[in-house]
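Asker: Provided herewith: input-v9.csv, CSV, N, CA and C atoms.
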```csv
chain,number,residue,atom,x,y,z
A,1,MET,N,-22.9,39.6,-34.8
A,1,MET,CA,-23.1,39.4,-33.4
A,1,MET,C,-22.7,37.9,-33.1
A,2,ASN,N,-21.8,37.7,-32.1
A,2,ASN,CA,-21.4,36.4,-31.8
A,2,ASN,C,-22.5,35.7,-31.0
A,3,GLU,N,-22.4,34.4,-30.8
A,3,GLU,CA,-23.4,33.6,-30.1
A,3,GLU,C,-23.6,34.0,-28.7
A,4,GLU,N,-22.6,34.4,-28.0
A,4,GLU,CA,-22.7,34.8,-26.6
A,4,GLU,C,-23.5,36.1,-26.5
A,5,ARG,N,-23.3,37.0,-27.3
A,5,ARG,CA,-24.0,38.3,-27.3
A,5,ARG,C,-25.5,38.1,-27.8
A,6,LEU,N,-25.7,37.2,-28.7
A,6,LEU,CA,-27.0,36.8,-29.2
A,6,LEU,C,-27.8,36.2,-28.0
A,7,ASP,N,-27.2,35.3,-27.3
A,7,ASP,CA,-27.8,34.7,-26.1
A,7,ASP,C,-28.2,35.7,-25.1
A,8,ARG,N,-27.3,36.7,-24.8
A,8,ARG,CA,-27.6,37.7,-23.8
A,8,ARG,C,-28.8,38.6,-24.3
A,9,TRP,N,-28.8,38.9,-25.6
A,9,TRP,CA,-29.9,39.7,-26.2
A,9,TRP,C,-31.2,38.9,-26.0
A,10,ARG,N,-31.2,37.6,-26.4
A,10,ARG,CA,-32.4,36.8,-26.3
A,10,ARG,C,-32.8,36.7,-24.8
A,11,SER,N,-31.9,36.6,-23.9
A,11,SER,CA,-32.3,36.6,-22.5
A,11,SER,C,-33.0,37.9,-22.0
A,12,GLN,N,-32.5,39.0,-22.5
A,12,GLN,CA,-33.1,40.3,-22.2
A,12,GLN,C,-34.5,40.4,-22.8
A,13,LEU,N,-34.7,39.9,-24.0
A,13,LEU,CA,-36.0,39.9,-24.6
A,13,LEU,C,-37.0,39.1,-23.7
A,14,ARG,N,-36.5,37.9,-23.2
A,14,ARG,CA,-37.4,37.1,-22.4
A,14,ARG,C,-37.7,37.8,-21.1
A,15,LYS,N,-36.7,38.4,-20.5
A,15,LYS,CA,-37.0,39.1,-19.2
A,15,LYS,C,-37.9,40.3,-19.4
A,16,GLY,N,-37.8,41.0,-20.5
A,16,GLY,CA,-38.7,42.1,-20.8
A,16,GLY,C,-40.1,41.7,-21.1
A,17,ALA,N,-40.3,40.5,-21.6
A,17,ALA,CA,-41.7,40.1,-22.0
A,17,ALA,C,-42.3,39.2,-20.9
A,18,ALA,N,-41.5,38.8,-19.9
A,18,ALA,CA,-42.0,37.8,-18.9
A,18,ALA,C,-43.2,38.3,-18.1
A,19,GLU,N,-43.3,39.6,-17.7
A,19,GLU,CA,-44.4,40.1,-17.0
A,19,GLU,C,-45.7,40.0,-17.9
A,20,LEU,N,-45.6,40.4,-19.1
A,20,LEU,CA,-46.7,40.3,-20.0
A,20,LEU,C,-47.1,38.9,-20.2
A,21,ALA,N,-46.2,38.0,-20.4
A,21,ALA,CA,-46.6,36.6,-20.6
A,21,ALA,C,-47.2,36.0,-19.4
A,22,VAL,N,-46.7,36.3,-18.2
A,22,VAL,CA,-47.3,35.7,-16.9
A,22,VAL,C,-48.7,36.3,-16.7
A,23,LEU,N,-48.9,37.5,-16.9
A,23,LEU,CA,-50.2,38.1,-16.8
A,23,LEU,C,-51.2,37.5,-17.8
A,24,ALA,N,-50.8,37.3,-19.0
A,24,ALA,CA,-51.6,36.8,-20.1
A,24,ALA,C,-52.0,35.3,-19.7
A,25,ILE,N,-51.1,34.6,-19.2
A,25,ILE,CA,-51.4,33.2,-18.8
A,25,ILE,C,-52.4,33.2,-17.7
A,26,LEU,N,-52.2,34.0,-16.7
A,26,LEU,CA,-53.2,34.1,-15.6
A,26,LEU,C,-54.5,34.6,-16.0
A,27,GLU,N,-54.6,35.4,-17.1
A,27,GLU,CA,-55.9,35.8,-17.6
A,27,GLU,C,-56.7,34.7,-18.0
A,28,ARG,N,-56.1,33.6,-18.4
A,28,ARG,CA,-56.9,32.4,-18.8
A,28,ARG,C,-57.4,31.5,-17.7
A,29,GLY,N,-56.9,31.8,-16.5
A,29,GLY,CA,-57.3,31.1,-15.3
A,29,GLY,C,-56.2,30.9,-14.3
A,30,GLU,N,-56.6,30.5,-13.1
A,30,GLU,CA,-55.7,30.3,-12.0
A,30,GLU,C,-54.7,29.2,-12.3
A,31,ARG,N,-53.4,29.4,-11.9
A,31,ARG,CA,-52.4,28.5,-12.2
A,31,ARG,C,-51.4,28.5,-11.0
A,32,TYR,N,-50.7,27.4,-10.8
A,32,TYR,CA,-49.6,27.4,-9.8
A,32,TYR,C,-48.3,27.7,-10.6
A,33,GLY,N,-47.3,28.0,-9.9
A,33,GLY,CA,-46.0,28.5,-10.5
A,33,GLY,C,-45.5,27.6,-11.6
A,34,LEU,N,-45.4,26.3,-11.4
A,34,LEU,CA,-44.8,25.5,-12.4
A,34,LEU,C,-45.7,25.4,-13.6
A,35,GLU,N,-47.0,25.5,-13.5
A,35,GLU,CA,-48.0,25.6,-14.6
A,35,GLU,C,-47.7,26.8,-15.4
A,36,VAL,N,-47.4,27.9,-14.8
A,36,VAL,CA,-47.1,29.2,-15.5
A,36,VAL,C,-45.9,29.0,-16.4
A,37,ILE,N,-44.9,28.4,-15.8
A,37,ILE,CA,-43.6,28.1,-16.5
A,37,ILE,C,-43.9,27.2,-17.7
A,38,ASP,N,-44.6,26.1,-17.4
A,38,ASP,CA,-44.9,25.1,-18.5
A,38,ASP,C,-45.7,25.7,-19.6
A,39,GLU,N,-46.7,26.5,-19.3
A,39,GLU,CA,-47.6,27.0,-20.3
A,39,GLU,C,-46.8,28.1,-21.1
A,40,ALA,N,-46.0,28.9,-20.5
A,40,ALA,CA,-45.2,29.8,-21.2
A,40,ALA,C,-44.2,29.1,-22.2
A,41,THR,N,-43.6,28.0,-21.8
A,41,THR,CA,-42.8,27.3,-22.6
A,41,THR,C,-43.5,26.6,-23.8
A,42,ALA,N,-44.7,26.0,-23.5
A,42,ALA,CA,-45.5,25.3,-24.5
A,42,ALA,C,-46.0,26.3,-25.5
A,43,ARG,N,-46.4,27.5,-25.1
A,43,ARG,CA,-47.0,28.4,-26.1
A,43,ARG,C,-46.0,29.2,-26.9
A,44,SER,N,-44.8,29.4,-26.2
A,44,SER,CA,-43.8,30.3,-26.9
A,44,SER,C,-42.6,29.5,-27.4
A,45,GLY,N,-42.4,28.4,-26.8
A,45,GLY,CA,-41.1,27.6,-27.2
A,45,GLY,C,-39.9,28.2,-26.4
A,46,ILE,N,-40.2,29.2,-25.6
A,46,ILE,CA,-39.1,29.8,-24.9
A,46,ILE,C,-39.2,29.5,-23.4
A,47,GLN,N,-38.1,28.9,-22.9
A,47,GLN,CA,-38.1,28.5,-21.4
A,47,GLN,C,-37.9,29.8,-20.6
A,48,ILE,N,-38.8,30.0,-19.6
A,48,ILE,CA,-38.6,31.0,-18.6
A,48,ILE,C,-38.2,30.3,-17.3
A,49,ALA,N,-37.1,30.7,-16.8
A,49,ALA,CA,-36.5,30.0,-15.6
A,49,ALA,C,-37.3,30.3,-14.4
A,50,GLU,N,-37.3,29.3,-13.5
A,50,GLU,CA,-38.0,29.4,-12.2
A,50,GLU,C,-37.4,30.6,-11.4
A,51,GLY,N,-36.1,30.9,-11.6
A,51,GLY,CA,-35.5,32.0,-10.9
A,51,GLY,C,-36.0,33.3,-11.4
A,52,THR,N,-36.7,33.3,-12.6
A,52,THR,CA,-37.3,34.6,-13.1
A,52,THR,C,-38.7,34.6,-12.7
A,53,VAL,N,-39.4,33.5,-12.8
A,53,VAL,CA,-40.9,33.5,-12.6
A,53,VAL,C,-41.3,33.7,-11.2
A,54,TYR,N,-40.7,33.0,-10.2
A,54,TYR,CA,-41.2,33.1,-8.9
A,54,TYR,C,-40.9,34.5,-8.3
A,55,PRO,N,-39.8,35.1,-8.5
A,55,PRO,CA,-39.7,36.5,-8.0
A,55,PRO,C,-40.7,37.5,-8.7
A,56,LEU,N,-40.9,37.2,-10.0
A,56,LEU,CA,-41.9,38.0,-10.7
A,56,LEU,C,-43.3,37.8,-10.1
A,57,LEU,N,-43.7,36.6,-9.8
A,57,LEU,CA,-45.0,36.3,-9.2
A,57,LEU,C,-45.1,37.0,-7.9
A,58,ASN,N,-44.0,37.0,-7.1
A,58,ASN,CA,-44.0,37.7,-5.8
A,58,ASN,C,-44.2,39.2,-5.9
A,59,ARG,N,-43.5,39.8,-6.9
A,59,ARG,CA,-43.6,41.2,-7.1
A,59,ARG,C,-45.0,41.6,-7.6
A,60,LEU,N,-45.5,40.8,-8.6
A,60,LEU,CA,-46.9,41.1,-9.1
A,60,LEU,C,-47.9,41.0,-8.0
A,61,GLU,N,-47.7,40.0,-7.0
A,61,GLU,CA,-48.7,39.9,-5.9
A,61,GLU,C,-48.5,41.2,-5.0
A,62,LYS,N,-47.3,41.5,-4.7
A,62,LYS,CA,-47.1,42.7,-3.8
A,62,LYS,C,-47.7,43.9,-4.4
A,63,ASP,N,-47.6,44.0,-5.8
A,63,ASP,CA,-48.1,45.2,-6.5
A,63,ASP,C,-49.7,45.2,-6.7
A,64,GLY,N,-50.3,44.1,-6.3
A,64,GLY,CA,-51.7,44.0,-6.3
A,64,GLY,C,-52.3,43.5,-7.7
A,65,LYS,N,-51.4,43.1,-8.6
A,65,LYS,CA,-51.8,42.6,-9.9
A,65,LYS,C,-52.3,41.2,-9.9
A,66,ILE,N,-51.9,40.4,-9.0
A,66,ILE,CA,-52.3,39.0,-8.8
A,66,ILE,C,-52.6,38.7,-7.4
A,67,ARG,N,-53.3,37.7,-7.1
A,67,ARG,CA,-53.6,37.2,-5.7
A,67,ARG,C,-53.2,35.7,-5.7
A,68,SER,N,-52.9,35.2,-4.6
A,68,SER,CA,-52.6,33.8,-4.5
A,68,SER,C,-53.3,33.1,-3.3
A,69,ARG,N,-53.4,31.8,-3.4
A,69,ARG,CA,-53.9,31.0,-2.3
A,69,ARG,C,-53.2,29.7,-2.3
A,70,TRP,N,-53.1,29.1,-1.1
A,70,TRP,CA,-52.5,27.8,-1.0
A,70,TRP,C,-53.6,26.7,-1.1
A,71,VAL,N,-53.2,25.6,-1.8
A,71,VAL,CA,-54.2,24.5,-2.0
A,71,VAL,C,-53.4,23.2,-1.7
A,72,ALA,N,-54.0,22.4,-0.9
A,72,ALA,CA,-53.4,21.1,-0.6
A,72,ALA,C,-53.4,20.2,-1.8
A,73,SER,N,-52.3,19.5,-2.0
A,73,SER,CA,-52.2,18.6,-3.2
A,73,SER,C,-52.0,17.2,-2.9
A,74,ASP,N,-52.9,16.3,-3.3
A,74,ASP,CA,-52.7,14.9,-3.1
A,74,ASP,C,-51.5,14.4,-3.9
A,75,GLU,N,-51.4,14.9,-5.1
A,75,GLU,CA,-50.3,14.4,-6.0
A,75,GLU,C,-48.9,14.7,-5.5
A,76,ALA,N,-48.7,16.0,-5.3
A,76,ALA,CA,-47.4,16.4,-4.9
A,76,ALA,C,-47.0,16.1,-3.5
A,77,GLY,N,-48.0,15.9,-2.6
A,77,GLY,CA,-47.7,15.7,-1.2
A,77,GLY,C,-47.5,17.0,-0.4
A,78,HIS,N,-47.5,18.1,-1.1
A,78,HIS,CA,-47.3,19.4,-0.4
A,78,HIS,C,-48.3,20.4,-1.0
A,79,PRO,N,-48.6,21.4,-0.3
A,79,PRO,CA,-49.5,22.4,-0.8
A,79,PRO,C,-48.9,23.2,-2.0
A,80,ARG,N,-49.7,23.7,-2.9
A,80,ARG,CA,-49.2,24.5,-4.0
A,80,ARG,C,-49.9,25.9,-3.9
A,81,LYS,N,-49.1,26.8,-4.3
A,81,LYS,CA,-49.6,28.2,-4.3
A,81,LYS,C,-50.1,28.5,-5.7
A,82,TYR,N,-51.4,28.8,-5.7
A,82,TYR,CA,-52.1,29.2,-7.0
A,82,TYR,C,-52.3,30.7,-7.1
A,83,TYR,N,-52.1,31.2,-8.3
A,83,TYR,CA,-52.1,32.6,-8.6
A,83,TYR,C,-53.3,32.9,-9.5
A,84,ARG,N,-53.9,34.1,-9.4
A,84,ARG,CA,-54.9,34.5,-10.3
A,84,ARG,C,-54.8,36.0,-10.5
A,85,LEU,N,-55.3,36.5,-11.6
A,85,LEU,CA,-55.3,37.9,-11.9
A,85,LEU,C,-56.3,38.7,-11.1
A,86,THR,N,-56.0,39.9,-10.7
A,86,THR,CA,-56.9,40.8,-10.0
A,86,THR,C,-57.5,41.7,-11.1
A,87,ARG,N,-58.5,42.5,-10.7
A,87,ARG,CA,-59.0,43.5,-11.7
A,87,ARG,C,-57.9,44.5,-12.1
A,88,GLU,N,-57.1,44.9,-11.1
A,88,GLU,CA,-56.0,45.8,-11.4
A,88,GLU,C,-55.1,45.1,-12.4
A,89,GLY,N,-54.7,43.9,-12.2
A,89,GLY,CA,-53.9,43.1,-13.1
A,89,GLY,C,-54.4,43.0,-14.5
A,90,ALA,N,-55.7,42.8,-14.6
A,90,ALA,CA,-56.4,42.7,-15.9
A,90,ALA,C,-56.3,44.0,-16.6
A,91,GLU,N,-56.5,45.1,-15.9
A,91,GLU,CA,-56.4,46.4,-16.6
A,91,GLU,C,-54.9,46.7,-17.0
A,92,VAL,N,-54.0,46.3,-16.2
A,92,VAL,CA,-52.6,46.5,-16.6
A,92,VAL,C,-52.3,45.6,-17.8
A,93,LEU,N,-52.8,44.4,-17.8
A,93,LEU,CA,-52.5,43.5,-18.9
A,93,LEU,C,-53.1,44.1,-20.2
A,94,ARG,N,-54.3,44.7,-20.1
A,94,ARG,CA,-55.0,45.3,-21.3
A,94,ARG,C,-54.1,46.4,-21.8
A,95,ARG,N,-53.6,47.2,-21.0
A,95,ARG,CA,-52.7,48.3,-21.4
A,95,ARG,C,-51.4,47.8,-22.0
A,96,MET,N,-50.8,46.8,-21.3
A,96,MET,CA,-49.6,46.2,-21.8
A,96,MET,C,-49.7,45.6,-23.2
A,97,LYS,N,-50.9,44.9,-23.4
A,97,LYS,CA,-51.1,44.3,-24.7
A,97,LYS,C,-51.1,45.4,-25.8
A,98,LYS,N,-51.7,46.5,-25.5
A,98,LYS,CA,-51.8,47.6,-26.5
A,98,LYS,C,-50.4,48.2,-26.8
A,99,VAL,N,-49.6,48.4,-25.7
A,99,VAL,CA,-48.2,48.9,-25.9
A,99,VAL,C,-47.4,47.8,-26.7
A,100,TRP,N,-47.6,46.5,-26.4
A,100,TRP,CA,-46.9,45.5,-27.1
A,100,TRP,C,-47.2,45.5,-28.5
A,101,GLY,N,-48.5,45.6,-28.9
A,101,GLY,CA,-49.0,45.6,-30.2
A,101,GLY,C,-48.4,46.8,-31.0
A,102,GLU,N,-48.3,47.9,-30.4
A,102,GLU,CA,-47.7,49.1,-31.1
A,102,GLU,C,-46.2,48.9,-31.3
A,103,PHE,N,-45.6,48.4,-30.3
A,103,PHE,CA,-44.1,48.1,-30.3
A,103,PHE,C,-43.8,47.1,-31.4
A,104,GLN,N,-44.6,46.0,-31.4
A,104,GLN,CA,-44.4,44.9,-32.4
A,104,GLN,C,-44.6,45.5,-33.8
A,105,SER,N,-45.7,46.2,-34.0
A,105,SER,CA,-45.9,46.8,-35.3
A,105,SER,C,-44.8,47.7,-35.8
A,106,GLY,N,-44.3,48.5,-34.9
A,106,GLY,CA,-43.2,49.4,-35.3
A,106,GLY,C,-42.0,48.7,-35.6
A,107,VAL,N,-41.6,47.7,-34.9
A,107,VAL,CA,-40.4,46.9,-35.2
A,107,VAL,C,-40.6,46.1,-36.5
A,108,ASP,N,-41.8,45.6,-36.7
A,108,ASP,CA,-42.1,44.9,-37.9
A,108,ASP,C,-41.9,45.8,-39.1
A,109,ARG,N,-42.4,47.1,-39.0
A,109,ARG,CA,-42.2,48.0,-40.1
A,109,ARG,C,-40.8,48.3,-40.4
A,110,VAL,N,-40.0,48.4,-39.3
A,110,VAL,CA,-38.5,48.6,-39.5
A,110,VAL,C,-37.9,47.4,-40.2
A,111,LEU,N,-38.2,46.2,-39.7
A,111,LEU,CA,-37.7,45.0,-40.3
A,111,LEU,C,-38.1,44.8,-41.8
A,112,ASP,N,-39.3,45.1,-42.1
A,112,ASP,CA,-39.9,45.0,-43.4
A,112,ASP,C,-39.5,46.1,-44.4
A,113,GLY,N,-38.8,47.2,-43.8
A,113,GLY,CA,-38.4,48.3,-44.6
A,113,GLY,C,-39.5,49.2,-45.0
A,114,ASP,N,-40.6,49.2,-44.3
A,114,ASP,CA,-41.8,50.1,-44.6
A,114,ASP,C,-41.6,51.4,-43.9
```
As a first step, turn the structure in this file into structure tokens.

Answerer:
Amino acid sequence: MNEERLDRWRSQLRKGAAELAVLAILERGERYGLEVIDEATARSGIQIAEGTVYPLLNRLEKDGKIRSRWVASDEAGHPRKYYRLTREGAEVLRRMKKVWGEFQSGVDRVLDGD
């Protein structure tokens, strides 16, 4: 596999796991968009682009999995939109973690030759 194809594959993996990562981050507490991006990068070493995260946050809110509120910020000089997980979002995350664990275990068995 050449580097270009490998980069595309890596990008698809990130996109596929982005919703799970965002919900898991918000499970730990309320965050604004850039904090979500920074925490995802710090914990995984994988940069998730703003162009991926903000549309995802909007969709998750529209779907009722997260809620948001605007907070005035002295530091930034403009309000920030903070996001938090809803009960529905927490339940979806619980189910997604289960599916992820099963998927990861299955792939690991294939890679390990078991």

Asker: Using only C-alpha atoms, which residue out of A:Gly16, A:Trp9, A:Tyr83, A:Arg94 lies closest to Val71 of chain A?

Answerer: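 Among A:Gly16, A:Trp9, A:Tyr83, A:Arg94, it is A:Tyr83 that comes nearest to Val71 of chain A.
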
Asker: At a cut-off of 12 Å, can you tabulate as a tab-separated table every residue of segment 74-114 of chain A near segment 17-35 of chain A together with its closest atom pair and the distance in Å to one decimal, using only C-alpha atoms and ordering rows by chain then number?

Answerer:
```
residue	atom	partner	partner_atom	distance
A:Pro79	CA	A:Tyr32	CA	10.3
A:Arg80	CA	A:Tyr32	CA	6.5
A:Lys81	CA	A:Tyr32	CA	5.6
A:Tyr82	CA	A:Tyr32	CA	4.2
A:Tyr83	CA	A:Glu30	CA	5.5
A:Arg84	CA	A:Glu30	CA	4.6
A:Leu85	CA	A:Leu26	CA	5.7
A:Thr86	CA	A:Glu27	CA	9.2
A:Arg87	CA	A:Glu27	CA	10.2
A:Glu88	CA	A:Leu23	CA	11.0
A:Gly89	CA	A:Leu23	CA	7.2
A:Ala90	CA	A:Glu27	CA	7.1
A:Glu91	CA	A:Leu23	CA	10.4
A:Val92	CA	A:Leu23	CA	8.7
A:Leu93	CA	A:Leu23	CA	6.2
A:Arg94	CA	A:Ala24	CA	9.2
A:Arg95	CA	A:Leu20	CA	10.1
A:Met96	CA	A:Leu20	CA	6.8
A:Lys97	CA	A:Leu20	CA	7.6
A:Lys98	CA	A:Leu20	CA	11.0
A:Val99	CA	A:Leu20	CA	10.5
A:Trp100	CA	A:Leu20	CA	8.8
A:Gly101	CA	A:Leu20	CA	11.7
A:Phe103	CA	A:Ala17	CA	11.8
A:Gln104	CA	A:Ala17	CA	11.8
```

Asker: Would you save the residues of that selection, restricted to N, CA and C atoms, as a CSV table (one decimal), in the coordinates of the input?

Answerer:
```
chain,number,residue,atom,x,y,z
A,79,PRO,N,-48.6,21.4,-0.3
A,79,PRO,CA,-49.5,22.4,-0.8
A,79,PRO,C,-48.9,23.2,-2.0
A,80,ARG,N,-49.7,23.7,-2.9
A,80,ARG,CA,-49.2,24.5,-4.0
A,80,ARG,C,-49.9,25.9,-3.9
A,81,LYS,N,-49.1,26.8,-4.3
A,81,LYS,CA,-49.6,28.2,-4.3
A,81,LYS,C,-50.1,28.5,-5.7
A,82,TYR,N,-51.4,28.8,-5.7
A,82,TYR,CA,-52.1,29.2,-7.0
A,82,TYR,C,-52.3,30.7,-7.1
A,83,TYR,N,-52.1,31.2,-8.3
A,83,TYR,CA,-52.1,32.6,-8.6
A,83,TYR,C,-53.3,32.9,-9.5
A,84,ARG,N,-53.9,34.1,-9.4
A,84,ARG,CA,-54.9,34.5,-10.3
A,84,ARG,C,-54.8,36.0,-10.5
A,85,LEU,N,-55.3,36.5,-11.6
A,85,LEU,CA,-55.3,37.9,-11.9
A,85,LEU,C,-56.3,38.7,-11.1
A,86,THR,N,-56.0,39.9,-10.7
A,86,THR,CA,-56.9,40.8,-10.0
A,86,THR,C,-57.5,41.7,-11.1
A,87,ARG,N,-58.5,42.5,-10.7
A,87,ARG,CA,-59.0,43.5,-11.7
A,87,ARG,C,-57.9,44.5,-12.1
A,88,GLU,N,-57.1,44.9,-11.1
A,88,GLU,CA,-56.0,45.8,-11.4
A,88,GLU,C,-55.1,45.1,-12.4
A,89,GLY,N,-54.7,43.9,-12.2
A,89,GLY,CA,-53.9,43.1,-13.1
A,89,GLY,C,-54.4,43.0,-14.5
A,90,ALA,N,-55.7,42.8,-14.6
A,90,ALA,CA,-56.4,42.7,-15.9
A,90,ALA,C,-56.3,44.0,-16.6
A,91,GLU,N,-56.5,45.1,-15.9
A,91,GLU,CA,-56.4,46.4,-16.6
A,91,GLU,C,-54.9,46.7,-17.0
A,92,VAL,N,-54.0,46.3,-16.2
A,92,VAL,CA,-52.6,46.5,-16.6
A,92,VAL,C,-52.3,45.6,-17.8
A,93,LEU,N,-52.8,44.4,-17.8
A,93,LEU,CA,-52.5,43.5,-18.9
A,93,LEU,C,-53.1,44.1,-20.2
A,94,ARG,N,-54.3,44.7,-20.1
A,94,ARG,CA,-55.0,45.3,-21.3
A,94,ARG,C,-54.1,46.4,-21.8
A,95,ARG,N,-53.6,47.2,-21.0
A,95,ARG,CA,-52.7,48.3,-21.4
A,95,ARG,C,-51.4,47.8,-22.0
A,96,MET,N,-50.8,46.8,-21.3
A,96,MET,CA,-49.6,46.2,-21.8
A,96,MET,C,-49.7,45.6,-23.2
A,97,LYS,N,-50.9,44.9,-23.4
A,97,LYS,CA,-51.1,44.3,-24.7
A,97,LYS,C,-51.1,45.4,-25.8
A,98,LYS,N,-51.7,46.5,-25.5
A,98,LYS,CA,-51.8,47.6,-26.5
A,98,LYS,C,-50.4,48.2,-26.8
A,99,VAL,N,-49.6,48.4,-25.7
A,99,VAL,CA,-48.2,48.9,-25.9
A,99,VAL,C,-47.4,47.8,-26.7
A,100,TRP,N,-47.6,46.5,-26.4
A,100,TRP,CA,-46.9,45.5,-27.1
A,100,TRP,C,-47.2,45.5,-28.5
A,101,GLY,N,-48.5,45.6,-28.9
A,101,GLY,CA,-49.0,45.6,-30.2
A,101,GLY,C,-48.4,46.8,-31.0
A,103,PHE,N,-45.6,48.4,-30.3
A,103,PHE,CA,-44.1,48.1,-30.3
A,103,PHE,C,-43.8,47.1,-31.4
A,104,GLN,N,-44.6,46.0,-31.4
A,104,GLN,CA,-44.4,44.9,-32.4
A,104,GLN,C,-44.6,45.5,-33.8
```

Asker: May I have all residues of segment 30-62 of chain A that DSSP, computed from the backbone, assigns to alpha helix (DSSP H), given as a list in words?

Answerer: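 Here are the alpha helix (DSSP H) residues of segment 30-62 of chain A: Gly33, Leu34, Glu35, Val36, Ile37, Asp38, Glu39, Ala40, Thr41, Ala42, Arg43, Ser44, Glu50, Gly51, Thr52, Val53, Tyr54, Pro55, Leu56, Leu57, Asn58, Arg59, Leu60, Glu61 and Lys62 of chain A.
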
Asker: Looking only at the backbone, which of the residues in segment 2-97 of chain A does DSSP tag as strand (DSSP E), as a VMD selection string?

Answerer: chain A and resid 31 to 32 66 to 71 80 to 85

Asker: What is the atom CA of Tyr54 of chain A to atom CA of Glu102 of chain A distance in Å?

Answerer: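 These atoms are spaced 28.1 Å apart.
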
Asker: Find the distance between atom CA of Ile48 of chain A and atom CA of Asp112 of chain A and write it in Å to one decimal.

Answerer: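 The value is 28.5 Å.
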
Asker: What is the distance, in Å and to one decimal place, between atom C of Asp7 of chain A and atom CA of Ala40 of chain A?

Answerer: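 These two atoms are separated by 18.4 Å.
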